[in-house]
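Pasted below: target.csv, CSV, C-alpha atoms.
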chain,number,residue,atom,x,y,z
A,3,MET,CA,26.6,-12.6,22.5
A,4,SER,CA,27.5,-9.1,21.5
A,5,ASP,CA,25.6,-6.1,22.6
A,6,GLU,CA,24.2,-5.6,19.2
A,7,SER,CA,23.1,-9.3,18.9
A,8,ALA,CA,21.4,-9.0,22.3
A,9,PHE,CA,19.5,-5.9,21.2
A,10,LEU,CA,18.5,-7.6,18.0
A,11,ARG,CA,17.3,-10.7,19.8
A,12,THR,CA,15.1,-8.6,22.1
A,13,ILE,CA,13.6,-6.7,19.1
A,14,ILE,CA,12.9,-9.9,17.2
A,15,ASP,CA,11.2,-11.4,20.2
A,16,SER,CA,9.0,-8.4,20.6
A,17,PRO,CA,8.4,-7.1,17.1
A,18,ASP,CA,5.5,-4.8,18.0
A,19,ASP,CA,7.3,-3.1,20.9
A,20,ASP,CA,9.0,0.2,20.1
A,21,THR,CA,10.9,0.4,23.3
A,22,PRO,CA,13.7,-2.1,22.5
A,23,ARG,CA,14.1,-0.3,19.1
A,24,LEU,CA,14.5,3.1,20.8
A,25,VAL,CA,17.0,1.7,23.3
A,26,PHE,CA,18.9,0.2,20.4
A,27,SER,CA,18.7,3.5,18.7
A,28,ASP,CA,20.4,5.1,21.7
A,29,TRP,CA,23.1,2.5,21.7
A,30,LEU,CA,23.7,3.1,17.9
A,31,GLU,CA,24.0,6.8,18.6
A,32,GLU,CA,26.6,6.2,21.4
A,33,ASN,CA,28.5,3.9,19.1
A,34,GLY,CA,28.9,6.2,16.2
A,35,ARG,CA,26.1,5.0,14.0
A,36,SER,CA,24.0,8.1,14.2
A,37,ALA,CA,22.3,7.7,10.7
A,38,GLN,CA,20.9,4.3,11.6
A,39,ALA,CA,19.8,5.7,15.0
A,40,GLU,CA,18.1,8.6,13.4
A,41,PHE,CA,16.4,6.3,10.9
A,42,ILE,CA,14.9,4.2,13.7
A,43,ARG,CA,13.5,7.2,15.5
A,44,ILE,CA,12.1,8.7,12.3
A,45,GLN,CA,10.3,5.5,11.2
A,46,ILE,CA,8.9,5.0,14.6
A,47,ARG,CA,7.5,8.5,14.6
A,48,LEU,CA,6.1,8.0,11.1
A,49,ALA,CA,4.4,4.8,12.1
A,50,ARG,CA,2.5,6.7,14.8
A,51,MET,CA,1.4,9.5,12.4
A,52,ASN,CA,-1.2,10.0,9.7
A,53,SER,CA,0.0,11.2,6.4
A,54,TRP,CA,-1.9,14.5,7.0
A,55,ASP,CA,-0.2,15.2,10.3
A,56,GLU,CA,2.0,18.2,10.6
A,57,GLY,CA,5.6,17.3,10.0
A,58,PHE,CA,4.8,14.0,8.2
A,59,THR,CA,6.1,15.1,4.8
A,60,GLU,CA,9.4,16.4,6.2
A,61,LEU,CA,10.0,13.2,8.1
A,62,ARG,CA,9.2,11.2,5.0
A,63,GLN,CA,11.7,13.1,3.0
A,64,ARG,CA,14.4,12.7,5.5
A,65,GLU,CA,13.5,9.0,5.7
A,66,GLN,CA,14.0,8.7,1.9
A,67,VAL,CA,17.3,10.5,2.0
A,68,LEU,CA,18.6,8.0,4.6
A,69,ILE,CA,17.3,5.0,2.6
A,70,ARG,CA,18.9,6.2,-0.6
A,71,LYS,CA,22.2,6.6,1.2
A,72,TYR,CA,22.3,3.7,3.6
A,73,GLY,CA,19.5,1.3,2.6
A,74,SER,CA,21.6,-1.1,0.6
A,75,ALA,CA,24.2,-1.3,3.4
A,76,TRP,CA,21.6,-2.0,6.0
A,77,MET,CA,20.3,-5.0,4.0
A,78,GLU,CA,23.7,-6.7,4.5
A,79,PRO,CA,22.5,-9.2,7.2
A,80,ILE,CA,20.0,-10.8,4.9
A,81,GLU,CA,21.9,-10.4,1.6
A,82,PRO,CA,22.2,-14.2,0.9
A,83,PHE,CA,18.4,-14.6,0.9
A,84,LEU,CA,17.5,-11.7,-1.4
A,85,HIS,CA,15.9,-12.4,-4.7
A,86,PRO,CA,18.0,-11.2,-7.7
A,87,ALA,CA,14.9,-9.2,-8.8
A,88,PHE,CA,15.1,-7.0,-5.7
A,89,GLN,CA,16.7,-3.8,-6.6
A,90,ARG,CA,18.9,-3.3,-3.6
A,91,ASP,CA,20.4,-0.1,-4.9
A,92,HIS,CA,17.1,1.5,-6.0
A,93,TRP,CA,15.4,3.4,-3.3
A,94,TYR,CA,12.0,2.9,-5.0
A,95,ASP,CA,12.0,-0.8,-4.2
A,96,TYR,CA,12.4,0.0,-0.5
A,97,GLU,CA,9.5,2.4,-0.7
A,98,GLU,CA,7.2,0.3,-2.8
A,99,LEU,CA,7.8,-2.9,-1.0
A,100,GLY,CA,7.9,-1.5,2.5
A,101,ILE,CA,11.2,-3.2,3.3
A,102,PHE,CA,11.9,-1.1,6.4
A,103,ARG,CA,9.4,-0.6,9.1
A,104,ARG,CA,10.0,1.2,12.4
A,105,GLY,CA,13.6,1.5,11.6
A,106,MET,CA,14.5,-2.2,10.9
A,107,ILE,CA,14.3,-4.7,8.1
A,108,ASP,CA,10.7,-5.9,8.3
A,109,THR,CA,10.0,-7.4,4.9
A,110,ALA,CA,12.3,-9.4,2.7
A,111,PHE,CA,11.9,-10.1,-1.0
A,112,VAL,CA,13.5,-13.5,-0.9
A,113,ASP,CA,14.5,-16.3,-3.2
A,114,GLY,CA,12.0,-19.0,-2.4
A,115,ASN,CA,14.4,-21.9,-2.5
A,116,GLN,CA,17.0,-20.0,-0.5
A,117,PHE,CA,14.3,-19.2,2.1
A,118,LEU,CA,13.2,-22.9,2.3
A,119,GLU,CA,16.8,-24.0,2.9
A,120,ASP,CA,17.1,-22.1,6.1
A,121,PRO,CA,14.1,-20.0,7.0
A,122,ASP,CA,15.0,-19.6,10.7
A,123,THR,CA,18.3,-18.0,9.9
A,124,LEU,CA,16.6,-15.4,7.8
A,125,LEU,CA,14.0,-14.6,10.5
A,126,ASN,CA,16.7,-14.5,13.2
A,127,SER,CA,18.8,-12.0,11.2
A,128,ALA,CA,16.3,-9.2,11.5
A,129,PRO,CA,12.8,-8.6,12.9
A,130,ILE,CA,11.2,-9.8,9.7
A,131,THR,CA,7.4,-10.2,9.7
A,132,GLY,CA,6.8,-9.9,6.0
A,133,LEU,CA,7.8,-12.0,3.0
A,134,ILE,CA,7.7,-11.2,-0.7
A,135,LEU,CA,8.0,-14.1,-3.1
A,136,LEU,CA,8.3,-14.5,-6.8
A,137,VAL,CA,7.1,-18.1,-7.3
A,138,ASP,CA,6.2,-19.9,-10.5
A,139,GLY,CA,3.2,-22.1,-9.4
A,140,PRO,CA,2.3,-24.5,-8.3
A,141,LEU,CA,3.6,-23.7,-4.9
A,142,PRO,CA,5.9,-26.4,-3.6
A,143,ASP,CA,4.6,-28.5,-0.8
A,144,GLU,CA,7.8,-27.7,1.2
A,145,TRP,CA,6.8,-24.1,1.2
A,146,LEU,CA,3.2,-24.7,2.4
A,147,ASN,CA,4.5,-27.0,5.1
A,148,CYS,CA,7.1,-24.6,6.4
A,149,GLY,CA,6.2,-24.0,10.0
A,150,THR,CA,8.3,-20.8,10.1
A,151,LEU,CA,5.5,-19.1,8.2
A,152,GLU,CA,3.7,-18.8,11.5
A,153,ARG,CA,6.0,-15.8,12.2
A,154,ILE,CA,4.8,-14.1,9.0
A,155,ARG,CA,2.1,-11.4,9.1
A,156,ARG,CA,2.5,-9.9,5.6
A,157,LEU,CA,2.8,-12.0,2.5
A,158,LYS,CA,3.0,-10.7,-1.1
A,159,PHE,CA,3.4,-12.8,-4.2
A,160,MET,CA,5.0,-11.1,-7.1
A,161,SER,CA,4.5,-12.2,-10.7
A,162,SER,CA,6.4,-11.5,-13.8
A,163,ARG,CA,3.8,-8.9,-14.6
A,164,ASN,CA,5.0,-6.6,-11.8
A,165,ARG,CA,8.6,-8.0,-11.6
A,166,GLY,CA,9.8,-9.2,-15.0
A,167,GLY,CA,11.3,-7.0,-17.7
A,168,GLN,CA,15.0,-6.7,-17.2
A,169,TRP,CA,15.3,-10.0,-15.4
A,170,GLY,CA,14.0,-11.9,-18.4
A,171,LEU,CA,11.2,-13.4,-16.2
A,172,GLU,CA,8.1,-14.3,-18.1
A,173,GLY,CA,5.0,-16.2,-17.3
A,174,ILE,CA,5.8,-16.5,-13.6
A,175,GLU,CA,2.7,-16.5,-11.4
A,176,LEU,CA,0.8,-18.7,-9.0
A,177,HIS,CA,-1.1,-21.6,-10.4
A,178,ARG,CA,-4.9,-21.3,-10.4
A,179,ASN,CA,-5.1,-24.0,-7.7
A,180,ASP,CA,-2.6,-22.3,-5.4
A,181,PHE,CA,-5.2,-20.1,-3.9
A,182,LEU,CA,-7.0,-23.1,-2.4
A,183,ARG,CA,-3.7,-24.4,-1.2
A,184,LEU,CA,-2.9,-21.1,0.5
A,185,ALA,CA,-6.4,-21.1,2.0
A,186,ASN,CA,-5.7,-24.5,3.5
A,187,CYS,CA,-2.2,-23.7,4.8
A,188,PRO,CA,-2.4,-23.9,8.6
A,189,HIS,CA,0.8,-21.9,9.1
A,190,LEU,CA,-0.8,-18.6,7.9
A,191,GLU,CA,-2.9,-18.0,11.0
A,192,GLN,CA,-0.9,-14.9,11.9
A,193,LEU,CA,-1.3,-13.3,8.5
A,194,ARG,CA,-2.6,-9.7,8.5
A,195,THR,CA,-1.9,-8.7,5.0
A,196,LEU,CA,-2.2,-10.7,1.8
A,197,ASP,CA,-1.2,-9.1,-1.5
A,198,LEU,CA,-2.0,-11.0,-4.6
A,199,SER,CA,-1.7,-8.1,-7.0
A,200,SER,CA,-0.9,-9.0,-10.6
A,201,GLN,CA,-1.7,-12.6,-10.0
A,202,THR,CA,-4.5,-14.2,-12.1
A,203,VAL,CA,-6.9,-15.0,-9.3
A,204,PRO,CA,-9.9,-17.1,-10.6
A,205,ALA,CA,-13.3,-16.6,-9.1
A,206,HIS,CA,-13.1,-19.8,-7.1
A,207,GLY,CA,-9.7,-18.8,-5.8
A,208,ILE,CA,-11.2,-15.7,-4.1
A,209,VAL,CA,-14.0,-17.8,-2.6
A,210,ASP,CA,-11.5,-20.3,-1.3
A,211,LEU,CA,-9.5,-17.6,0.3
A,212,VAL,CA,-12.5,-15.9,1.9
A,213,ARG,CA,-13.7,-19.2,3.3
A,214,SER,CA,-10.3,-20.1,4.7
A,215,ARG,CA,-10.4,-20.7,8.5
A,216,HIS,CA,-6.8,-19.9,8.6
A,217,LEU,CA,-7.0,-16.4,7.2
A,218,SER,CA,-9.6,-14.9,9.6
A,219,ASN,CA,-7.1,-12.4,11.0
A,220,LEU,CA,-6.6,-10.7,7.6
A,221,GLU,CA,-6.8,-6.9,7.8
A,222,THR,CA,-5.5,-5.9,4.4
A,223,PHE,CA,-6.3,-7.6,1.1
A,224,SER,CA,-4.8,-6.4,-2.2
A,225,LEU,CA,-6.0,-7.8,-5.5
A,226,VAL,CA,-4.7,-5.1,-7.9
A,227,HIS,CA,-5.0,-6.2,-11.5
A,228,SER,CA,-5.9,-9.7,-10.6
A,229,ASP,CA,-8.9,-10.2,-12.9
A,230,ARG,CA,-8.1,-11.4,-16.4
B,23,MET,CA,-14.1,-9.9,-10.4
B,24,ASN,CA,-16.8,-11.0,-8.1
B,25,SER,CA,-16.3,-8.7,-5.2
B,26,LYS,CA,-19.4,-10.1,-3.5
B,27,ALA,CA,-17.4,-13.0,-2.5
B,28,ILE,CA,-14.9,-10.8,-0.6
B,29,LEU,CA,-17.5,-8.6,0.8
B,30,GLY,CA,-20.1,-11.2,1.7
B,31,SER,CA,-21.1,-12.7,5.0
B,32,GLU,CA,-18.2,-15.2,5.0
B,33,SER,CA,-15.7,-12.4,4.4
B,34,PHE,CA,-12.7,-11.6,6.5
B,35,PRO,CA,-14.2,-10.1,9.7
B,36,ASN,CA,-11.2,-7.9,10.5
B,37,LEU,CA,-10.6,-6.5,7.0
B,38,ASN,CA,-10.1,-2.8,7.0
B,39,GLU,CA,-8.0,-2.2,3.9
B,40,LEU,CA,-9.2,-3.4,0.5
B,41,ASP,CA,-7.5,-2.7,-2.8
B,42,LEU,CA,-9.4,-3.9,-5.9
B,43,SER,CA,-8.0,-1.4,-8.3
B,44,PHE,CA,-7.6,-2.3,-12.0
B,45,ASN,CA,-10.2,-5.0,-11.9
B,46,HIS,CA,-13.6,-5.1,-13.6
B,47,LEU,CA,-16.0,-5.4,-10.7
B,48,GLU,CA,-19.1,-7.4,-11.3
B,49,GLY,CA,-22.0,-5.3,-9.9
B,50,GLY,CA,-19.8,-2.2,-9.8
B,51,LEU,CA,-19.8,-0.6,-6.3
B,52,VAL,CA,-23.1,-2.1,-5.2
B,53,PRO,CA,-21.5,-5.1,-3.4
B,54,ILE,CA,-19.3,-2.7,-1.5
B,55,ARG,CA,-22.2,-0.4,-0.6
B,56,ASP,CA,-24.2,-3.3,0.6
B,57,SER,CA,-21.5,-5.0,2.6
B,58,SER,CA,-21.3,-4.8,6.4
B,59,LEU,CA,-17.6,-4.2,5.8
B,60,ALA,CA,-18.4,-0.7,4.4
B,61,GLU,CA,-18.8,0.5,7.9
B,62,SER,CA,-15.4,-0.8,9.0
B,63,LEU,CA,-13.2,-0.2,6.0
B,64,ARG,CA,-10.5,2.5,6.5
B,65,VAL,CA,-8.9,2.2,3.1
B,66,LEU,CA,-10.6,1.5,-0.2
B,67,ASP,CA,-9.0,1.5,-3.6
B,68,VAL,CA,-11.3,1.0,-6.6
B,69,LEU,CA,-9.4,3.0,-9.2
B,70,SER,CA,-9.8,1.9,-12.8
B,71,CYS,CA,-12.5,-0.6,-12.1
B,72,GLY,CA,-14.7,0.2,-15.1
B,73,ILE,CA,-17.2,2.0,-12.9
B,74,SER,CA,-19.6,4.5,-14.7
B,75,ALA,CA,-20.1,8.1,-13.5
B,76,ASN,CA,-23.6,7.2,-12.6
B,77,GLU,CA,-22.5,4.3,-10.4
B,78,ILE,CA,-20.1,6.6,-8.6
B,79,ALA,CA,-22.8,9.2,-8.1
B,80,ALA,CA,-25.2,6.5,-6.8
B,81,PHE,CA,-22.5,5.1,-4.5
B,82,ALA,CA,-21.7,8.5,-3.0
B,83,LYS,CA,-25.3,9.2,-2.3
B,84,SER,CA,-26.2,5.9,-0.6
B,85,VAL,CA,-23.1,4.4,0.9
B,86,HIS,CA,-22.3,4.8,4.6
B,87,MET,CA,-18.6,4.5,5.4
B,88,PRO,CA,-18.0,6.2,8.8
B,89,ASN,CA,-14.4,5.0,9.2
B,90,LEU,CA,-13.1,5.5,5.7
B,91,GLU,CA,-9.9,7.5,5.8
B,92,SER,CA,-8.6,6.9,2.3
B,93,LEU,CA,-10.5,6.5,-1.0
B,94,ALA,CA,-9.2,6.0,-4.5
B,95,ILE,CA,-11.9,6.0,-7.1
B,96,SER,CA,-12.3,6.8,-10.7
B,97,GLY,CA,-14.8,6.3,-13.5
B,98,GLU,CA,-14.3,4.3,-16.7
B,99,ARG,CA,-11.9,7.1,-17.6
B,100,THR,CA,-11.6,10.3,-15.6
B,101,LEU,CA,-14.2,11.7,-13.3
B,102,THR,CA,-16.6,14.1,-14.9
B,103,PRO,CA,-17.2,17.4,-13.2
B,104,LYS,CA,-20.8,16.2,-12.5
B,105,SER,CA,-19.8,12.9,-10.8
B,106,LEU,CA,-17.0,14.8,-8.9
B,107,ARG,CA,-19.6,17.2,-7.6
B,108,ILE,CA,-21.9,14.5,-6.4
B,109,LEU,CA,-19.0,12.6,-4.8
B,110,GLY,CA,-17.7,15.8,-3.2
B,111,GLU,CA,-21.1,16.7,-1.8
B,112,SER,CA,-21.5,13.4,-0.1
B,113,ASP,CA,-21.5,13.5,3.7
B,114,HIS,CA,-21.1,9.7,4.0
B,115,PHE,CA,-17.3,9.8,4.4
B,116,PRO,CA,-16.9,11.9,7.6
B,117,ARG,CA,-13.4,10.7,8.3
B,118,LEU,CA,-12.0,10.8,4.8
B,119,ARG,CA,-8.6,12.5,4.7
B,120,SER,CA,-7.0,11.2,1.6
B,121,LEU,CA,-8.6,11.1,-1.9
B,122,SER,CA,-7.2,9.7,-5.1
B,123,ILE,CA,-9.1,10.4,-8.3
B,124,ALA,CA,-8.5,10.4,-12.1
B,125,LEU,CA,-9.1,13.8,-13.6
B,126,SER,CA,-8.6,15.2,-17.0
B,127,GLY,CA,-6.6,18.4,-17.5
B,128,ASN,CA,-9.8,20.2,-18.3
B,129,GLU,CA,-10.2,23.3,-16.1
B,130,LYS,CA,-13.8,22.5,-15.5
B,131,GLY,CA,-12.7,19.4,-13.5
B,132,TYR,CA,-10.3,21.4,-11.4
B,133,ASP,CA,-12.9,24.2,-10.9
B,134,ALA,CA,-15.4,21.6,-9.7
B,135,LEU,CA,-12.8,20.1,-7.4
B,136,SER,CA,-12.1,23.4,-5.8
B,137,LYS,CA,-15.7,23.9,-5.0
B,138,ILE,CA,-16.7,20.5,-3.5
B,139,PRO,CA,-17.3,20.5,0.3
B,140,LEU,CA,-15.3,17.3,0.7
B,141,MET,CA,-12.1,19.2,-0.1
B,142,ASN,CA,-12.4,21.0,3.2
B,143,GLN,CA,-11.7,17.8,5.2
B,144,LEU,CA,-9.0,16.4,3.0
B,145,SER,CA,-5.3,16.5,3.9
B,146,GLY,CA,-4.0,14.6,0.9
B,147,LEU,CA,-5.0,14.6,-2.7
B,148,ARG,CA,-3.6,12.4,-5.4
B,149,ILE,CA,-4.6,13.0,-9.0
B,150,HIS,CA,-4.1,10.5,-11.8
B,151,GLY,CA,-3.7,11.3,-15.4
B,152,GLY,CA,-4.6,14.3,-17.5
B,153,ASN,CA,-2.6,17.1,-18.9
B,154,LEU,CA,-2.3,19.9,-16.3
B,155,ASP,CA,-2.4,23.1,-18.2
B,156,ASP,CA,-1.9,26.8,-17.1
B,157,LYS,CA,-5.5,27.3,-16.2
B,158,CYS,CA,-5.7,24.2,-14.0
B,159,VAL,CA,-2.5,25.2,-12.2
B,160,THR,CA,-3.9,28.7,-11.6
B,161,ILE,CA,-7.0,27.2,-10.0
B,162,LEU,CA,-4.8,25.1,-7.7
B,163,LEU,CA,-2.7,28.1,-6.7
B,164,LYS,CA,-5.6,30.5,-6.2
B,165,SER,CA,-8.2,28.4,-4.4
B,166,ASP,CA,-7.9,28.4,-0.6
B,167,VAL,CA,-9.1,24.8,-0.3
B,168,PHE,CA,-5.9,23.4,-1.7
B,169,GLU,CA,-3.9,25.4,1.0
B,170,ARG,CA,-5.1,22.9,3.6
B,171,LEU,CA,-3.4,20.0,2.0
B,172,SER,CA,-0.5,18.3,3.6
B,173,TRP,CA,0.4,16.8,0.3
B,174,LEU,CA,-0.6,17.1,-3.4
B,175,TYR,CA,0.6,14.3,-5.6
B,176,PHE,CA,0.2,13.9,-9.4
B,177,TYR,CA,0.6,10.5,-10.9
B,178,THR,CA,1.0,10.0,-14.6
B,179,THR,CA,-0.1,13.6,-15.1
B,180,THR,CA,1.6,15.6,-17.8
B,181,ILE,CA,2.9,18.9,-16.3
B,182,ASN,CA,5.3,21.2,-18.2
B,183,SER,CA,8.4,22.4,-16.5
B,184,GLU,CA,7.0,26.0,-16.0
B,185,ASN,CA,3.9,24.7,-14.3
B,186,ARG,CA,5.8,22.2,-12.3
B,187,GLN,CA,7.9,25.1,-11.0
B,188,ARG,CA,4.8,27.2,-10.2
B,189,LEU,CA,3.5,24.3,-8.1
B,190,ARG,CA,6.9,23.8,-6.4
B,191,ASP,CA,7.1,27.5,-5.6
B,192,HIS,CA,3.6,27.7,-4.2
B,193,PHE,CA,3.2,24.4,-2.3
B,194,GLY,CA,6.9,23.8,-1.4
B,195,GLU,CA,7.4,20.4,0.1
B,196,ARG,CA,3.7,19.6,0.1
B,197,PHE,CA,4.0,19.2,-3.7
B,198,VAL,CA,5.2,15.6,-3.9
B,199,GLU,CA,7.1,14.6,-7.1
Please rewrite the model in this file as C-alpha cells.
Amino acid sequence: MSDESAFLRTIIDSPDDDTPRLVFSDWLEENGRSAQAEFIRIQIRLARMNSWDEGFTELRQREQVLIRKYGSAWMEPIEPFLHPAFQRDHWYDYEELGIFRRGMIDTAFVDGNQFLEDPDTLLNSAPITGLILLVDGPLPDEWLNCGTLERIRRLKFMSSRNRGGQWGLEGIELHRNDFLRLANCPHLEQLRTLDLSSQTVPAHGIVDLVRSRHLSNLETFSLVHSDR
Amino acid sequence: MNSKAILGSESFPNLNELDLSFNHLEGGLVPIRDSSLAESLRVLDVLSCGISANEIAAFAKSVHMPNLESLAISGERTLTPKSLRILGESDHFPRLRSLSIALSGNEKGYDALSKIPLMNQLSGLRIHGGNLDDKCVTILLKSDVFERLSWLYFYTTTINSENRQRLRDHFGERFVE
C-alpha cells in the first residue's frame, strides 16, 4: 500500500477526526502538492468557524479559488461513478452540493446504477459520507437493500426540477410511495441529513418519514418546494 | 404542507435544521411556534411560504427560539416596514446571527431595517428581491449597524453597476456577489 493509500484508509476509517487529514496535509505539502494541502487546512478551519467569525469570508474566497482551479482534478478518484448531470467543471456545483468537506471529497452526485454495481469501491475511494441521487421512482429494491448505505449520513434526492434543463431530463422524481419505503429502510440509521427538496412529497409521505424508527438520528431536514 | 407532522410529538428528536421554504404551510408559523423543537432549532428557513405580515408579527412576538442562529423568513411577498419592525424588535431570538429576508427596494424598508434592534446582533444579512435604488444604498452605507456585518448578500436583487460599485467600495469583501 502506498503512503497516500494508507493516509486515505485512515481518513476513511475515521471520517470525523481532523488529525489524520492534517497529517495527510503535511505529507501533501512535503510531496509538492501544496494547493491540496492548503485546501484541507482551509476547509478544516472553516468547519470550525461560524460564518460571522473574523476571517471567515477571506477563507471562503480562497477556498473557492482553489475549487475553481483544482476541483475537477480532485474528483478524479470517483470519476466513473459521477452522474452526467454533475457539472464537474462548474464551481457552483461544488458549492451548492457540498461536495468537499474538511478538505476531501465528502459527497458524491452519483449515477444510481453505477453506485449499485460497486458501492464499496466508491466509498473506499474517498471519505464519502454523503450521496446525491437523481432517481426516477419507484426506488429499486436493490437500492433500498444496499447495506453500504449504513455508511451514509447525508442523502439528497434530486429531481428534474432542480436538475433537468440542459440534460433533457423531465419528470424524474421519487414515486409517491418511495417516502414510506425510505422510512422503512433499515440501512439509513446513520442518516443525519435528508434533503428531499423539489420532490413532490405527499402529506402521508411526511408522516411516514417522521414516524420512521430508522431516521431518529436526523438533524437536518430539507423540503424546499416539495408541496405541490 | 402539513408542518405539524414534522414538528409534532413524533418528530425527529435531534432535528436542529429545518428548511421548509417555498411551501404553503398549513397553519402558517403556528405549528413551529407551538413545537418543542422551536427551542432546539438552530436553523429555520420559511422563505416564500405564503405567510402573512400579521402572522410574522404574531410569530415574532410569541415564539421562543433560544438557540436559533439562522432565520430565513418572508411574507407573501416582501416584508413590510411594519412587520420588519415587529420582527426586529423581538427579543425571542437571542442567538440569531444570520437573517435572510425578502425586501422591496423601497427606502422605507431599508430605513426600517437600519433601525431595528435585531440588526445589532447580526453578522450576516441576506436580502432577496427588490430593486436596490440610490437611496437604499445610501442608507446601507451611512448606517452604522451595517458596519458590524461580516457579510451582506443580495439574491435576485436588481442593483445597477454604479450602486454595485458603491457597495464594493464600502463593504469590500464583506459584500458577497
Distance filter 12 Å, only C-alpha atoms, chain A against chain B, as a tab-separated table (two decimals) with C-alpha atoms, in the frame of the given file:
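Below is the file that was written, iface-v8.tsv:
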chain	number	residue	atom	x	y	z
A	52	ASN	CA	-1.20	10.00	9.70
A	53	SER	CA	0.00	11.20	6.40
A	54	TRP	CA	-1.90	14.50	7.00
A	55	ASP	CA	-0.20	15.20	10.30
A	56	GLU	CA	2.00	18.20	10.60
A	57	GLY	CA	5.60	17.30	10.00
A	58	PHE	CA	4.80	14.00	8.20
A	59	THR	CA	6.10	15.10	4.80
A	60	GLU	CA	9.40	16.40	6.20
A	61	LEU	CA	10.00	13.20	8.10
A	62	ARG	CA	9.20	11.20	5.00
A	63	GLN	CA	11.70	13.10	3.00
A	64	ARG	CA	14.40	12.70	5.50
A	193	LEU	CA	-1.30	-13.30	8.50
A	194	ARG	CA	-2.60	-9.70	8.50
A	195	THR	CA	-1.90	-8.70	5.00
A	196	LEU	CA	-2.20	-10.70	1.80
A	197	ASP	CA	-1.20	-9.10	-1.50
A	198	LEU	CA	-2.00	-11.00	-4.60
A	199	SER	CA	-1.70	-8.10	-7.00
A	200	SER	CA	-0.90	-9.00	-10.60
A	201	GLN	CA	-1.70	-12.60	-10.00
A	202	THR	CA	-4.50	-14.20	-12.10
A	203	VAL	CA	-6.90	-15.00	-9.30
A	204	PRO	CA	-9.90	-17.10	-10.60
A	205	ALA	CA	-13.30	-16.60	-9.10
A	206	HIS	CA	-13.10	-19.80	-7.10
A	207	GLY	CA	-9.70	-18.80	-5.80
A	208	ILE	CA	-11.20	-15.70	-4.10
A	209	VAL	CA	-14.00	-17.80	-2.60
A	210	ASP	CA	-11.50	-20.30	-1.30
A	211	LEU	CA	-9.50	-17.60	0.30
A	212	VAL	CA	-12.50	-15.90	1.90
A	213	ARG	CA	-13.70	-19.20	3.30
A	214	SER	CA	-10.30	-20.10	4.70
A	215	ARG	CA	-10.40	-20.70	8.50
A	216	HIS	CA	-6.80	-19.90	8.60
A	217	LEU	CA	-7.00	-16.40	7.20
A	218	SER	CA	-9.60	-14.90	9.60
A	219	ASN	CA	-7.10	-12.40	11.00
A	220	LEU	CA	-6.60	-10.70	7.60
A	221	GLU	CA	-6.80	-6.90	7.80
A	222	THR	CA	-5.50	-5.90	4.40
A	223	PHE	CA	-6.30	-7.60	1.10
A	224	SER	CA	-4.80	-6.40	-2.20
A	225	LEU	CA	-6.00	-7.80	-5.50
A	226	VAL	CA	-4.70	-5.10	-7.90
A	227	HIS	CA	-5.00	-6.20	-11.50
A	228	SER	CA	-5.90	-9.70	-10.60
A	229	ASP	CA	-8.90	-10.20	-12.90
A	230	ARG	CA	-8.10	-11.40	-16.40
Check: Could you work out how far atom CA of B:Ala79 lies from atom CA of B:Gly152, giving the answer in Å with one decimal?
Finding: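 Interatomic distance, atom CA of B:Gly152 to atom CA of B:Ala79: 21.1 Å.
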Notebook entry, point to check: Hey, can you check how far atom CA of B:Arg117 sits from atom CA of B:Ser62?
Noted result: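 Separation of atom CA of B:Arg117 and atom CA of B:Ser62: 11.7 Å.
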Margin query: Counting only C-alpha atoms, which residues have an atom no more than 10 Å from (-10.4, 26.9, -2.6) in the file's coordinates? Please list them as a PyMOL selection string.
Written below: chain B and resi 133+135-139+141-142+161-170
Notebook entry, point to check: At a cut-off of 12 Å from (21.1, 7.6, 11.0) in the coordinates of the file, what residues are picked up using only C-alpha atoms, written as a VMD selection string?
Noted result: chain A and resid 27 to 28 30 to 45 64 to 73 76 105 to 106
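Using only C-alpha atoms, the nearest neighbour of A:Leu125 within the list A:Arg153, A:Arg183, A:His177, A:Arg47 is A:Arg153.
Across the model, the gap from atom CA of A:Asp138 to atom CA of A:Asn179 is 12.3 Å.
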Notebook entry, point to check: Using all atoms listed in the file, which residue out of B:Gly50, B:Ser92, B:Tyr177, B:Cys158 lies closest to B:Gln143?
Noted result: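 Of the candidates, the smallest distance to B:Gln143 is held by B:Ser92.
Near B:Leu51, within 9 Å and counting all atoms listed in the file, sit Ser25, Val68, Ile73, Glu77, Ile78, Ala80 and Phe81 of chain B, not including residues fewer than 6 positions from it in the same chain.
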Could you write those residues out with C-alpha atoms, as a short mmCIF file (atom, residue, chain, number, x, y, z; two decimals), keeping the file's coordinate frame?
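Saved result, result-v7.cif, follows:
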data_model
loop_
_atom_site.label_atom_id
_atom_site.label_comp_id
_atom_site.auth_asym_id
_atom_site.auth_seq_id
_atom_site.Cartn_x
_atom_site.Cartn_y
_atom_site.Cartn_z
CA SER B 25 -16.30 -8.70 -5.20
CA VAL B 68 -11.30 1.00 -6.60
CA ILE B 73 -17.20 2.00 -12.90
CA GLU B 77 -22.50 4.30 -10.40
CA ILE B 78 -20.10 6.60 -8.60
CA ALA B 80 -25.20 6.50 -6.80
CA PHE B 81 -22.50 5.10 -4.50
#
Next item on the list: Using all atoms listed in the file, pick whichever of B:Leu66, B:Ile149, B:Ile108, B:Asp113 has the shortest atom-to-atom distance to B:Ala134.
Entry: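 Smallest distance to B:Ala134 is found for B:Ile108.
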